[in-house]
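Heads up, coords.cif below (mmCIF, C-alpha atoms and all ligand atoms):
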```
data_work
loop_
_atom_site.label_atom_id
_atom_site.label_comp_id
_atom_site.auth_asym_id
_atom_site.auth_seq_id
_atom_site.Cartn_x
_atom_site.Cartn_y
_atom_site.Cartn_z
CA MET A 1 -12.41 -40.47 -27.85
CA THR A 2 -15.92 -39.09 -27.53
CA TRP A 3 -16.76 -35.53 -28.66
CA ALA A 4 -17.43 -34.61 -25.05
CA ARG A 5 -13.90 -35.67 -24.11
CA VAL A 6 -12.39 -33.82 -27.09
CA ILE A 7 -14.23 -30.64 -26.06
CA LEU A 8 -13.13 -31.11 -22.44
CA LEU A 9 -9.53 -31.68 -23.49
CA SER A 10 -9.43 -28.61 -25.73
CA MET A 11 -11.02 -26.53 -22.94
CA THR A 12 -8.30 -27.72 -20.56
CA ILE A 13 -5.57 -26.80 -23.05
CA ALA A 14 -7.16 -23.37 -23.64
CA SER A 15 -7.35 -22.60 -19.93
CA ALA A 16 -3.77 -23.79 -19.43
CA ALA A 17 -2.68 -21.39 -22.19
CA ALA A 18 -4.66 -18.58 -20.55
CA THR A 19 -2.80 -19.10 -17.27
CA THR A 20 0.65 -19.52 -18.83
CA ALA A 21 3.03 -17.11 -17.13
CA LEU A 22 4.04 -14.12 -19.24
CA ALA A 23 6.33 -12.49 -16.70
CA SER A 24 9.68 -13.98 -15.73
CA VAL A 25 10.80 -14.36 -12.11
CA THR A 26 14.31 -14.70 -10.65
CA LYS A 27 15.61 -14.55 -7.09
CA ALA A 28 18.84 -13.47 -5.42
CA PRO A 29 20.18 -12.85 -1.89
CA PHE A 30 19.68 -9.31 -0.46
CA GLY A 31 21.63 -9.36 2.81
CA ALA A 32 20.09 -10.12 6.20
CA SER A 33 17.71 -8.66 8.79
CA ALA A 34 18.96 -7.31 12.15
CA ASP A 35 18.85 -10.80 13.73
CA GLY A 36 20.81 -12.33 10.85
CA THR A 37 17.88 -13.94 8.97
CA PRO A 38 18.78 -14.06 5.25
CA VAL A 39 16.69 -11.77 3.03
CA GLU A 40 15.95 -12.58 -0.62
CA ILE A 41 14.90 -10.35 -3.46
CA TYR A 42 12.66 -11.44 -6.37
CA THR A 43 12.79 -9.75 -9.75
CA ILE A 44 9.62 -9.93 -11.83
CA THR A 45 9.98 -8.78 -15.44
CA SER A 46 7.23 -8.17 -17.98
CA GLY A 47 8.41 -6.39 -21.15
CA LYS A 48 9.97 -3.09 -20.07
CA VAL A 49 8.41 -3.24 -16.59
CA GLU A 50 10.43 -4.71 -13.75
CA ALA A 51 9.42 -5.01 -10.07
CA ARG A 52 11.86 -6.07 -7.35
CA ILE A 53 10.29 -7.36 -4.14
CA MET A 54 12.21 -8.49 -1.06
CA THR A 55 11.24 -10.74 1.82
CA PHE A 56 12.06 -8.12 4.52
CA GLY A 57 8.69 -6.42 5.00
CA ALA A 58 7.50 -7.98 1.67
CA ARG A 59 8.69 -4.65 0.27
CA ILE A 60 8.71 -3.26 -3.24
CA VAL A 61 12.36 -2.21 -3.52
CA SER A 62 12.24 -0.88 -7.07
CA LEU A 63 9.74 -0.55 -9.88
CA HIS A 64 11.01 0.33 -13.34
CA VAL A 65 8.50 1.59 -15.90
CA PRO A 66 8.92 3.46 -19.22
CA ASP A 67 8.27 7.18 -19.68
CA ARG A 68 6.60 8.72 -22.75
CA ASP A 69 9.81 8.22 -24.77
CA GLY A 70 10.17 4.61 -23.70
CA LYS A 71 13.00 5.47 -21.27
CA VAL A 72 12.79 3.26 -18.20
CA GLY A 73 13.05 4.77 -14.68
CA ASP A 74 12.58 3.62 -11.09
CA VAL A 75 9.37 5.21 -9.76
CA VAL A 76 9.49 4.16 -6.08
CA LEU A 77 11.58 5.43 -3.17
CA GLY A 78 13.84 3.00 -1.34
CA TYR A 79 17.40 1.99 -0.52
CA LYS A 80 20.09 0.14 -2.43
CA ASP A 81 20.78 -2.37 0.38
CA MET A 82 19.52 -3.78 3.68
CA ALA A 83 21.66 -1.34 5.70
CA GLY A 84 19.45 1.48 4.40
CA TYR A 85 16.21 -0.31 5.34
CA LEU A 86 17.49 -1.34 8.80
CA ALA A 87 18.52 2.24 9.60
CA ASP A 88 15.04 3.58 8.76
CA PRO A 89 12.09 2.27 10.80
CA LYS A 90 10.01 5.43 10.17
CA THR A 91 9.17 5.72 6.46
CA TYR A 92 7.90 2.18 5.65
CA PHE A 93 9.28 2.51 2.07
CA GLY A 94 7.58 -0.10 -0.12
CA ALA A 95 6.49 -2.24 2.84
CA ILE A 96 3.43 -4.26 3.63
CA VAL A 97 2.17 -2.71 6.86
CA GLY A 98 0.15 -4.53 9.52
CA ARG A 99 -1.44 -5.89 11.51
CA TYR A 100 -3.22 -2.58 11.30
CA GLY A 101 -2.24 -0.16 8.53
CA ASN A 102 -2.48 3.46 9.72
CA ARG A 103 -3.54 4.49 13.22
CA ILE A 104 -5.46 3.03 16.14
CA ALA A 105 -6.29 5.72 18.71
CA LYS A 106 -4.20 5.47 21.88
CA GLY A 107 -3.34 1.85 20.92
CA LYS A 108 -6.64 0.59 22.31
CA PHE A 109 -9.72 -1.13 20.89
CA THR A 110 -12.53 -3.33 22.17
CA LEU A 111 -13.52 -6.56 20.46
CA ASP A 112 -16.17 -8.98 21.79
CA ASP A 113 -16.34 -6.92 25.04
CA LYS A 114 -12.64 -7.26 25.72
CA GLU A 115 -10.24 -4.32 25.60
CA TYR A 116 -6.93 -4.87 23.79
CA THR A 117 -3.80 -2.72 24.14
CA ILE A 118 -1.25 -2.55 21.34
CA PRO A 119 2.03 -0.61 21.28
CA VAL A 120 1.90 3.14 20.69
CA ASN A 121 4.66 4.47 18.44
CA ASN A 122 3.35 7.75 17.01
CA ASN A 123 2.27 10.67 19.23
CA GLY A 124 0.65 8.28 21.70
CA GLN A 125 -1.17 6.42 18.88
CA SER A 126 -0.46 3.04 17.30
CA LEU A 127 0.78 3.39 13.70
CA HIS A 128 1.10 0.56 11.14
CA GLY A 129 0.83 -2.23 13.70
CA GLY A 130 2.97 -0.85 16.50
CA THR A 131 6.65 -1.20 17.30
CA SER A 132 7.47 -4.42 15.46
CA GLY A 133 5.07 -4.43 12.55
CA PHE A 134 4.95 -6.55 9.41
CA ASP A 135 7.32 -4.09 7.67
CA GLN A 136 10.08 -5.33 10.01
CA LYS A 137 9.48 -9.07 9.57
CA VAL A 138 11.13 -11.45 7.11
CA TRP A 139 8.33 -13.08 5.10
CA THR A 140 8.48 -16.53 3.47
CA ALA A 141 8.49 -16.36 -0.33
CA LYS A 142 7.23 -18.74 -2.98
CA GLU A 143 7.50 -18.21 -6.73
CA VAL A 144 4.11 -18.23 -8.49
CA ALA A 145 3.05 -17.68 -12.12
CA ASP A 146 3.97 -14.07 -13.05
CA GLY A 147 5.30 -13.22 -9.60
CA VAL A 148 5.91 -14.08 -5.99
CA GLU A 149 3.73 -14.81 -2.99
CA MET A 150 4.93 -13.70 0.45
CA THR A 151 3.53 -15.29 3.60
CA LEU A 152 3.73 -14.19 7.22
CA VAL A 153 2.28 -15.87 10.28
CA SER A 154 1.77 -13.50 13.21
CA ASN A 155 1.33 -15.45 16.45
CA ASP A 156 -1.67 -15.17 18.76
CA GLY A 157 -0.93 -12.16 20.99
CA ASP A 158 1.69 -10.65 18.63
CA MET A 159 1.87 -6.93 19.54
CA GLY A 160 -1.19 -7.54 21.75
CA TYR A 161 -3.59 -8.52 18.93
CA PRO A 162 -5.75 -11.63 19.40
CA GLY A 163 -5.55 -14.67 17.08
CA THR A 164 -2.92 -16.30 14.92
CA LEU A 165 -3.04 -14.21 11.76
CA THR A 166 -1.83 -15.64 8.45
CA VAL A 167 -1.23 -13.14 5.67
CA HIS A 168 -0.49 -13.99 2.04
CA THR A 169 0.59 -11.11 -0.18
CA LYS A 170 0.88 -12.06 -3.84
CA TYR A 171 2.63 -9.69 -6.25
CA THR A 172 2.19 -10.41 -9.97
CA LEU A 173 2.97 -8.43 -13.13
CA HIS A 174 0.48 -8.37 -16.00
CA GLY A 175 1.74 -6.22 -18.85
CA SER A 176 2.36 -2.88 -17.17
CA ALA A 177 0.10 -3.60 -14.17
CA LEU A 178 1.47 -4.65 -10.80
CA ARG A 179 -1.25 -6.58 -9.02
CA ILE A 180 -1.29 -7.22 -5.26
CA ASP A 181 -3.63 -9.88 -3.85
CA TYR A 182 -4.00 -10.14 -0.10
CA THR A 183 -5.51 -13.05 1.81
CA VAL A 184 -5.81 -12.68 5.58
CA SER A 185 -7.11 -15.36 7.93
CA SER A 186 -7.26 -15.82 11.69
CA ASP A 187 -8.01 -18.63 14.14
CA LYS A 188 -9.79 -16.19 16.54
CA ASN A 189 -11.87 -13.06 16.07
CA THR A 190 -9.45 -10.20 15.45
CA VAL A 191 -8.96 -6.98 13.48
CA ALA A 192 -6.57 -6.37 10.57
CA ASN A 193 -5.89 -3.78 7.89
CA ILE A 194 -3.11 -4.68 5.48
CA THR A 195 -1.75 -2.40 2.76
CA ASN A 196 1.33 -1.56 0.74
CA HIS A 197 3.21 1.61 1.68
CA SER A 198 5.13 2.45 -1.53
CA TYR A 199 6.14 6.05 -2.15
CA PHE A 200 5.90 6.94 -5.85
CA ASN A 201 7.76 9.59 -7.76
CA LEU A 202 6.65 9.25 -11.37
CA SER A 203 9.54 11.43 -12.60
CA GLY A 204 11.84 8.81 -11.06
CA GLU A 205 12.99 8.49 -7.44
CA GLY A 206 15.40 11.24 -6.48
CA HIS A 207 14.01 13.53 -9.22
CA GLY A 208 12.56 16.33 -7.10
CA ASP A 209 9.17 16.83 -5.49
CA ILE A 210 5.79 15.51 -6.55
CA LEU A 211 3.85 18.82 -6.38
CA HIS A 212 3.41 19.09 -10.17
CA ASP A 213 1.73 15.68 -10.41
CA VAL A 214 -1.94 15.88 -11.38
CA VAL A 215 -4.19 13.74 -9.19
CA THR A 216 -7.76 12.51 -9.58
CA ILE A 217 -9.51 10.72 -6.70
CA PRO A 218 -13.13 9.85 -7.54
CA ALA A 219 -14.40 10.17 -3.97
CA ASN A 220 -17.08 12.48 -2.59
CA ARG A 221 -15.98 12.06 1.00
CA TYR A 222 -12.90 11.72 3.18
CA THR A 223 -12.17 11.19 6.86
CA PRO A 224 -10.96 14.41 8.54
CA VAL A 225 -8.60 13.95 11.49
CA ASP A 226 -7.87 15.37 14.94
CA ALA A 227 -4.50 16.81 16.02
CA VAL A 228 -2.89 13.33 16.22
CA LEU A 229 -4.28 12.19 12.83
CA ILE A 230 -7.12 10.02 14.16
CA PRO A 231 -10.35 10.28 12.07
CA THR A 232 -13.16 12.26 13.64
CA GLY A 233 -15.82 10.98 11.20
CA ILE A 234 -16.70 11.30 7.52
CA ALA A 235 -17.06 14.63 5.68
CA SER A 236 -17.77 15.88 2.18
CA VAL A 237 -14.83 16.98 0.01
CA GLU A 238 -17.06 19.63 -1.63
CA GLY A 239 -15.50 23.09 -1.52
CA THR A 240 -12.31 21.86 0.20
CA PRO A 241 -8.71 21.23 -0.96
CA PHE A 242 -9.63 17.53 -0.57
CA ASP A 243 -11.83 17.62 -3.66
CA PHE A 244 -9.82 15.76 -6.32
CA ARG A 245 -12.85 14.71 -8.36
CA LYS A 246 -11.45 16.91 -11.15
CA PRO A 247 -7.75 16.43 -12.03
CA THR A 248 -5.72 18.87 -9.88
CA ALA A 249 -1.98 19.30 -9.34
CA ILE A 250 -0.97 18.27 -5.80
CA GLY A 251 0.78 21.61 -5.24
CA THR A 252 -2.20 23.78 -6.20
CA ARG A 253 -3.81 23.72 -2.74
CA ILE A 254 -1.43 21.75 -0.49
CA ASP A 255 -0.40 24.85 1.49
CA ALA A 256 -3.87 26.45 1.49
CA ALA A 257 -5.20 27.97 4.73
CA ASN A 258 -6.99 24.82 5.84
CA ASP A 259 -6.87 23.27 9.33
CA GLN A 260 -6.74 19.71 8.02
CA LEU A 261 -3.75 20.44 5.78
CA LYS A 262 -2.02 22.30 8.64
CA ILE A 263 -2.44 19.35 11.05
CA ALA A 264 -0.89 16.88 8.60
CA GLY A 265 1.63 19.22 6.94
CA GLY A 266 -0.07 18.44 3.62
CA TYR A 267 -2.23 15.53 2.50
CA ASP A 268 -2.23 12.55 4.85
CA HIS A 269 -5.88 11.49 4.83
CA ASN A 270 -8.17 8.63 3.93
CA TRP A 271 -10.60 9.11 1.03
CA VAL A 272 -13.88 7.16 1.15
CA LEU A 273 -14.10 5.24 -2.14
CA SER A 274 -17.08 3.20 -1.09
CA THR A 275 -18.69 1.81 2.02
CA SER A 276 -19.22 -1.59 0.43
CA VAL A 277 -16.19 -3.82 0.32
CA GLY A 278 -15.09 -6.13 -2.47
CA THR A 279 -15.87 -4.49 -5.80
CA MET A 280 -13.01 -3.32 -7.97
CA LYS A 281 -13.05 0.42 -8.62
CA GLU A 282 -10.67 3.22 -9.46
CA ALA A 283 -9.05 4.74 -6.37
CA ALA A 284 -6.80 7.33 -7.99
CA LYS A 285 -5.08 8.45 -11.16
CA VAL A 286 -1.83 10.42 -11.16
CA VAL A 287 -0.37 12.05 -14.28
CA ASP A 288 3.22 13.29 -14.25
CA PRO A 289 3.50 16.00 -16.92
CA GLN A 290 7.33 15.84 -16.81
CA SER A 291 7.82 12.19 -17.76
CA GLY A 292 4.37 11.51 -19.23
CA ARG A 293 4.00 8.57 -16.83
CA VAL A 294 0.50 7.82 -15.57
CA LEU A 295 -0.35 5.67 -12.56
CA THR A 296 -3.87 4.34 -12.14
CA VAL A 297 -4.74 2.65 -8.86
CA SER A 298 -7.75 0.34 -8.60
CA THR A 299 -8.82 -1.62 -5.56
CA THR A 300 -11.47 -3.68 -3.84
CA GLU A 301 -10.73 -1.80 -0.59
CA PRO A 302 -13.18 0.87 0.62
CA GLY A 303 -10.55 3.59 1.20
CA VAL A 304 -7.26 5.06 0.08
CA GLN A 305 -4.74 6.99 2.19
CA PHE A 306 -3.21 9.71 0.06
CA TYR A 307 -0.01 10.79 1.82
CA THR A 308 2.30 13.36 0.24
CA GLY A 309 5.54 12.47 2.06
CA ASN A 310 5.19 15.41 4.45
CA PHE A 311 7.41 13.76 7.06
CA LEU A 312 10.33 13.14 4.69
CA ASP A 313 12.99 15.61 5.78
CA GLY A 314 16.12 15.00 3.71
CA SER A 315 17.76 12.93 6.46
CA THR A 316 17.77 9.72 4.42
CA HIS A 317 19.51 9.14 1.11
CA GLY A 318 17.91 6.84 -1.42
CA LYS A 319 19.14 4.26 -3.90
CA THR A 320 21.01 6.74 -6.05
CA GLY A 321 22.35 8.76 -3.10
CA VAL A 322 19.87 11.65 -3.41
CA ALA A 323 18.40 12.98 -0.12
CA TYR A 324 14.67 12.34 0.14
CA GLU A 325 13.33 15.79 0.98
CA LYS A 326 9.79 16.69 2.06
CA ARG A 327 7.14 15.77 -0.53
CA THR A 328 9.46 13.90 -2.90
CA GLY A 329 7.15 10.89 -3.00
CA PHE A 330 3.43 10.20 -2.57
CA CYS A 331 1.67 7.11 -1.22
CA LEU A 332 -1.70 5.72 -2.26
CA GLU A 333 -2.36 3.13 0.43
CA THR A 334 -5.52 1.19 -0.44
CA GLN A 335 -7.09 0.19 2.84
CA HIS A 336 -9.92 0.17 5.35
CA PHE A 337 -10.29 3.46 7.17
CA PRO A 338 -7.85 4.36 9.97
CA ASP A 339 -8.98 3.55 13.52
CA SER A 340 -11.96 1.50 12.24
CA PRO A 341 -12.04 -0.75 15.36
CA ASN A 342 -13.09 2.39 17.30
CA HIS A 343 -15.65 3.56 14.69
CA PRO A 344 -18.64 1.21 14.43
CA ASP A 345 -19.95 3.28 11.48
CA PHE A 346 -16.83 2.53 9.34
CA PRO A 347 -16.63 -0.70 7.26
CA THR A 348 -15.58 -3.45 9.64
CA THR A 349 -11.97 -4.63 9.89
CA GLU A 350 -12.91 -7.74 11.86
CA ILE A 351 -11.60 -11.09 10.63
CA LYS A 352 -13.39 -14.20 11.86
CA PRO A 353 -12.13 -17.80 11.87
CA GLY A 354 -13.18 -19.70 8.73
CA HIS A 355 -13.78 -16.45 6.80
CA PRO A 356 -10.52 -15.39 5.14
CA TYR A 357 -10.47 -11.80 3.91
CA HIS A 358 -9.39 -11.18 0.29
CA SER A 359 -8.54 -7.91 -1.36
CA THR A 360 -6.89 -6.85 -4.59
CA THR A 361 -5.09 -3.69 -5.65
CA LEU A 362 -3.75 -2.88 -9.12
CA PHE A 363 -1.07 -0.29 -9.88
CA THR A 364 -1.30 0.18 -13.66
CA PHE A 365 1.24 2.27 -15.57
CA SER A 366 0.73 3.96 -18.91
CA THR A 367 1.94 7.16 -20.58
CA GLU A 368 0.50 10.37 -21.97
CA LYS A 369 2.03 12.71 -24.55
C1 LIG A 401 1.18 6.86 6.82
C2 LIG A 401 0.70 7.86 7.78
C3 LIG A 401 1.59 9.04 7.80
C4 LIG A 401 3.03 8.65 8.07
C5 LIG A 401 3.45 7.59 7.10
C6 LIG A 401 4.81 7.01 7.45
O1 LIG A 401 0.94 7.23 5.54
O2 LIG A 401 -0.63 8.24 7.55
O3 LIG A 401 1.16 9.94 8.79
O4 LIG A 401 3.15 8.19 9.37
O5 LIG A 401 2.53 6.54 7.08
O6 LIG A 401 5.77 7.99 7.67
#
```

Could you spell out this file's structure in structure tokens?
Ligand code: GLA
Amino acid sequence: MTWARVILLSMTIASAAATTALASVTKAPFGASADGTPVEIYTITSGKVEARIMTFGARIVSLHVPDRDGKVGDVVLGYKDMAGYLADPKTYFGAIVGRYGNRIAKGKFTLDDKEYTIPVNNNGQSLHGGTSGFDQKVWTAKEVADGVEMTLVSNDGDMGYPGTLTVHTKYTLHGSALRIDYTVSSDKNTVANITNHSYFNLSGEGHGDILHDVVTIPANRYTPVDAVLIPTGIASVEGTPFDFRKPTAIGTRIDAANDQLKIAGGYDHNWVLSTSVGTMKEAAKVVDPQSGRVLTVSTTEPGVQFYTGNFLDGSTHGKTGVAYEKRTGFCLETQHFPDSPNHPDFPTTEIKPGHPYHSTTLFTFSTEK
């Protein structure tokens, strides 16, 4: 064997070792969707961290991470079985939302000089794709190294959107980081905005409200909204309760005399992380002084929707039977800005044939004393 071949061989072995899976993956049945399609749940385990992801809505069903004493708890809201998920089309617990995460004004947009109409399901606006969004679909799952990849094909014309849209959502665990990789492609020009809609409670789901959690969002700007939560433009956070550039407890200003907070019943806004798409940056950090758990969110997306569970009203009971009251979970939905198809000055959400869109989001857990 020549030296060149020896070097090549050892490089191949080294790269194989680098990609060797460290997390374990198992799968099990998890009931069926409303039309009887079987639903499966995948359990990904890496040390003390365990994520369970099901094929209905490609949802995170549970996420166990240690607290400062090493005690493991489930930090996302959700239900113990399919009956719970089928009875609740409103909260989007743990789901991948699409085709268009967040709102499109009046369910209308124009693309290539043609006007498209999509279903309205929220105060006359289209929310999270419309009436039968990706959160309600059974995805196809495939085990991959360190996790699972979920795939959904949305037919040309689905919910009124143009183009056959293929979405791959890959969940992998790396130490205490849950990584989500999205790949979105279309056979016609279209628009898409795909995100994960998990509600976190770092003290553990069912353990009270999230107002004591200390949040940092390194963004100078956000997108204020009108009365039906459609962005009106981009504004500075300076001097407003939306300035989270310094760590601040959620509850400190959430009920301040501020029109934007009144409209949304708390925080339910998009922060502008960047106007260039594709570079990994920190989107938010949340410290829970009770448990010591810390969540750091990084993303290649230009925005993050920080939603404080203002519409939770105690009418649903979670995995452990506790009623999910107002503000008992927060979402950090990494995304393009809401209603982008109607705002030419926002980063584009257009997907063109032959140009798949990739994005990555990391939810990394650690602890503080
Ligand atoms: C998003 C929206 C909220 C709310 C939730 C789901 O975060 O911005 O207004 O609709 O989804 O309840």

Non-local contacts of Thr37 in chain A (12 Å; all atoms listed in the file; under 2 positions in same chain excluded) as an MDAnalysis selection string: chainID A and resid 29:35 39:40 55:56 82 136:140

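Selecting all polymer residues at most 7 Å from ligand LIG 401 (chain A), using only C-alpha atoms and all ligand atoms, gives Lys90, Thr91, Tyr92, Asn102, Leu127, Asp268, His269, Gln305, Tyr307, Phe311 and Cys331 of chain A.
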
Best match for closeness to Asp255 in chain A among A:His128, A:Arg327, A:Arg293, A:His168, counting all atoms listed in the file: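 Counting all atoms listed in the file, the residue closest to Asp255 in chain A is A:Arg327.
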
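What separates CA of Ala21 in chain A from CA of Thr183 in chain A is a distance of 21.2 Å.
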
Minimum-distance residue to Lys142 in chain A, chosen among A:Gln125, A:Asn196, A:Thr172, A:Thr45 (using all atoms listed in the file): A:Thr172

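Atom pair CA of Val184 in chain A / CA of Leu165 in chain A: separated by 6.9 Å.
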
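Atom pair CA of Gly129 in chain A / CA of Arg103 in chain A: separated by 8.0 Å.
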
Nearest to Lys114 in chain A by atom-to-atom distance, counting all atoms listed in the file, from A:Pro162, A:Gly329, A:Gly309, A:Pro224: A:Pro162

The residues within 7 Å of (-2.8, 1.6, -9.5), using all atoms listed in the file and the coordinates of the file, should be reported as a PDB file with C-alpha atoms, in the coordinates of the input; which are they?
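Here's the written file selection03.pdb:
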```pdb
ATOM      1  CA  LEU A 295      -0.350   5.670 -12.560  1.00  0.00           C
ATOM      2  CA  THR A 296      -3.870   4.340 -12.140  1.00  0.00           C
ATOM      3  CA  VAL A 297      -4.740   2.650  -8.860  1.00  0.00           C
ATOM      4  CA  SER A 298      -7.750   0.340  -8.600  1.00  0.00           C
ATOM      5  CA  THR A 361      -5.090  -3.690  -5.650  1.00  0.00           C
ATOM      6  CA  LEU A 362      -3.750  -2.880  -9.120  1.00  0.00           C
ATOM      7  CA  PHE A 363      -1.070  -0.290  -9.880  1.00  0.00           C
ATOM      8  CA  THR A 364      -1.300   0.180 -13.660  1.00  0.00           C
TER       9      THR A 364
END
```

Give me the residues near Gln335 in chain A as a CSV table (one decimal) with C-alpha atoms, in the frame of the given file, where near means some atom within 9 Å (using all atoms listed in the file) and where sequence neighbours in that chain fewer than 2 positions away do not count.
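The resulting out28.csv:
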```csv
chain,number,residue,atom,x,y,z
A,101,GLY,CA,-2.2,-0.2,8.5
A,102,ASN,CA,-2.5,3.5,9.7
A,193,ASN,CA,-5.9,-3.8,7.9
A,194,ILE,CA,-3.1,-4.7,5.5
A,195,THR,CA,-1.8,-2.4,2.8
A,196,ASN,CA,1.3,-1.6,0.7
A,270,ASN,CA,-8.2,8.6,3.9
A,299,THR,CA,-8.8,-1.6,-5.6
A,300,THR,CA,-11.5,-3.7,-3.8
A,301,GLU,CA,-10.7,-1.8,-0.6
A,302,PRO,CA,-13.2,0.9,0.6
A,303,GLY,CA,-10.6,3.6,1.2
A,304,VAL,CA,-7.3,5.1,0.1
A,305,GLN,CA,-4.7,7.0,2.2
A,333,GLU,CA,-2.4,3.1,0.4
A,337,PHE,CA,-10.3,3.5,7.2
A,338,PRO,CA,-7.8,4.4,10.0
```

Within 9 Å of file point (-16.6, 11.1, 8.8), counting only C-alpha atoms, expressed as a PyMOL selection string: chain A and resi 221-225+231-236+345-346

Pick from A:Pro341, A:Pro241, A:Gly265, A:Gly147, whichever lies nearest to Ala177 in chain A using only C-alpha atoms: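 Among the listed residues, the smallest separation from Ala177 in chain A belongs to A:Gly147.
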
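Each of A:Lys48, A:Lys369, A:Lys106, A:Lys188 was checked against Ser176 in chain A using all atoms listed in the file; the smallest atom-to-atom distance is that of A:Lys48.
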
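Between Asp74 in chain A and the candidates A:Asp146, A:Ile96, A:Asn189, A:Thr320, the tightest atom-to-atom separation, counting all atoms listed in the file, involves A:Thr320.
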
Please, what is the axis-aligned box for every listed atom of range 151-156 of chain A with 6 Å on each side, as centre and edge lengths in Å to one decimal, as AutoDock Vina command-line options?
```
--center_x 1.0 --center_y -14.7 --center_z 11.2 --size_x 17.4 --size_y 14.4 --size_z 27.2
```

Filtering to C-alpha atoms, could range 185-220 of chain A of the supplied structure be written out as an mmCIF file, in the first residue's frame?
```
data_model
loop_
_atom_site.group_PDB
_atom_site.id
_atom_site.type_symbol
_atom_site.label_atom_id
_atom_site.label_comp_id
_atom_site.auth_asym_id
_atom_site.auth_seq_id
_atom_site.Cartn_x
_atom_site.Cartn_y
_atom_site.Cartn_z
ATOM 1 C CA SER A 185 -37.856 22.422 -1.658
ATOM 2 C CA SER A 186 -40.553 23.131 -4.230
ATOM 3 C CA ASP A 187 -41.221 22.321 -7.878
ATOM 4 C CA LYS A 188 -42.765 25.801 -8.471
ATOM 5 C CA ASN A 189 -42.124 29.262 -7.064
ATOM 6 C CA THR A 190 -43.826 29.410 -3.671
ATOM 7 C CA VAL A 191 -43.497 30.804 -0.143
ATOM 8 C CA ALA A 192 -42.777 28.871 3.060
ATOM 9 C CA ASN A 193 -41.822 29.526 6.673
ATOM 10 C CA ILE A 194 -41.278 26.413 8.762
ATOM 11 C CA THR A 195 -40.586 26.377 12.495
ATOM 12 C CA ASN A 196 -41.013 24.346 15.658
ATOM 13 C CA HIS A 197 -43.703 25.469 18.097
ATOM 14 C CA SER A 198 -42.546 23.946 21.414
ATOM 15 C CA TYR A 199 -43.672 25.571 24.653
ATOM 16 C CA PHE A 200 -40.923 25.436 27.288
ATOM 17 C CA ASN A 201 -41.253 25.506 31.039
ATOM 18 C CA LEU A 202 -37.735 25.149 32.407
ATOM 19 C CA SER A 203 -39.039 24.364 35.913
ATOM 20 C CA GLY A 204 -40.779 21.372 34.321
ATOM 21 C CA GLU A 205 -44.145 21.260 32.519
ATOM 22 C CA GLY A 206 -47.035 21.731 34.910
ATOM 23 C CA HIS A 207 -44.784 23.580 37.397
ATOM 24 C CA GLY A 208 -46.410 27.010 37.366
ATOM 25 C CA ASP A 209 -45.876 30.074 35.208
ATOM 26 C CA ILE A 210 -42.765 31.223 33.384
ATOM 27 C CA LEU A 211 -42.748 34.857 34.604
ATOM 28 C CA HIS A 212 -39.643 34.410 36.793
ATOM 29 C CA ASP A 213 -37.531 33.161 33.874
ATOM 30 C CA VAL A 214 -34.773 35.572 32.888
ATOM 31 C CA VAL A 215 -34.575 36.186 29.144
ATOM 32 C CA THR A 216 -31.909 37.682 26.902
ATOM 33 C CA ILE A 217 -32.636 38.358 23.213
ATOM 34 C CA PRO A 218 -29.687 40.034 21.462
ATOM 35 C CA ALA A 219 -31.823 42.002 18.999
ATOM 36 C CA ASN A 220 -32.036 45.764 18.506
#
```
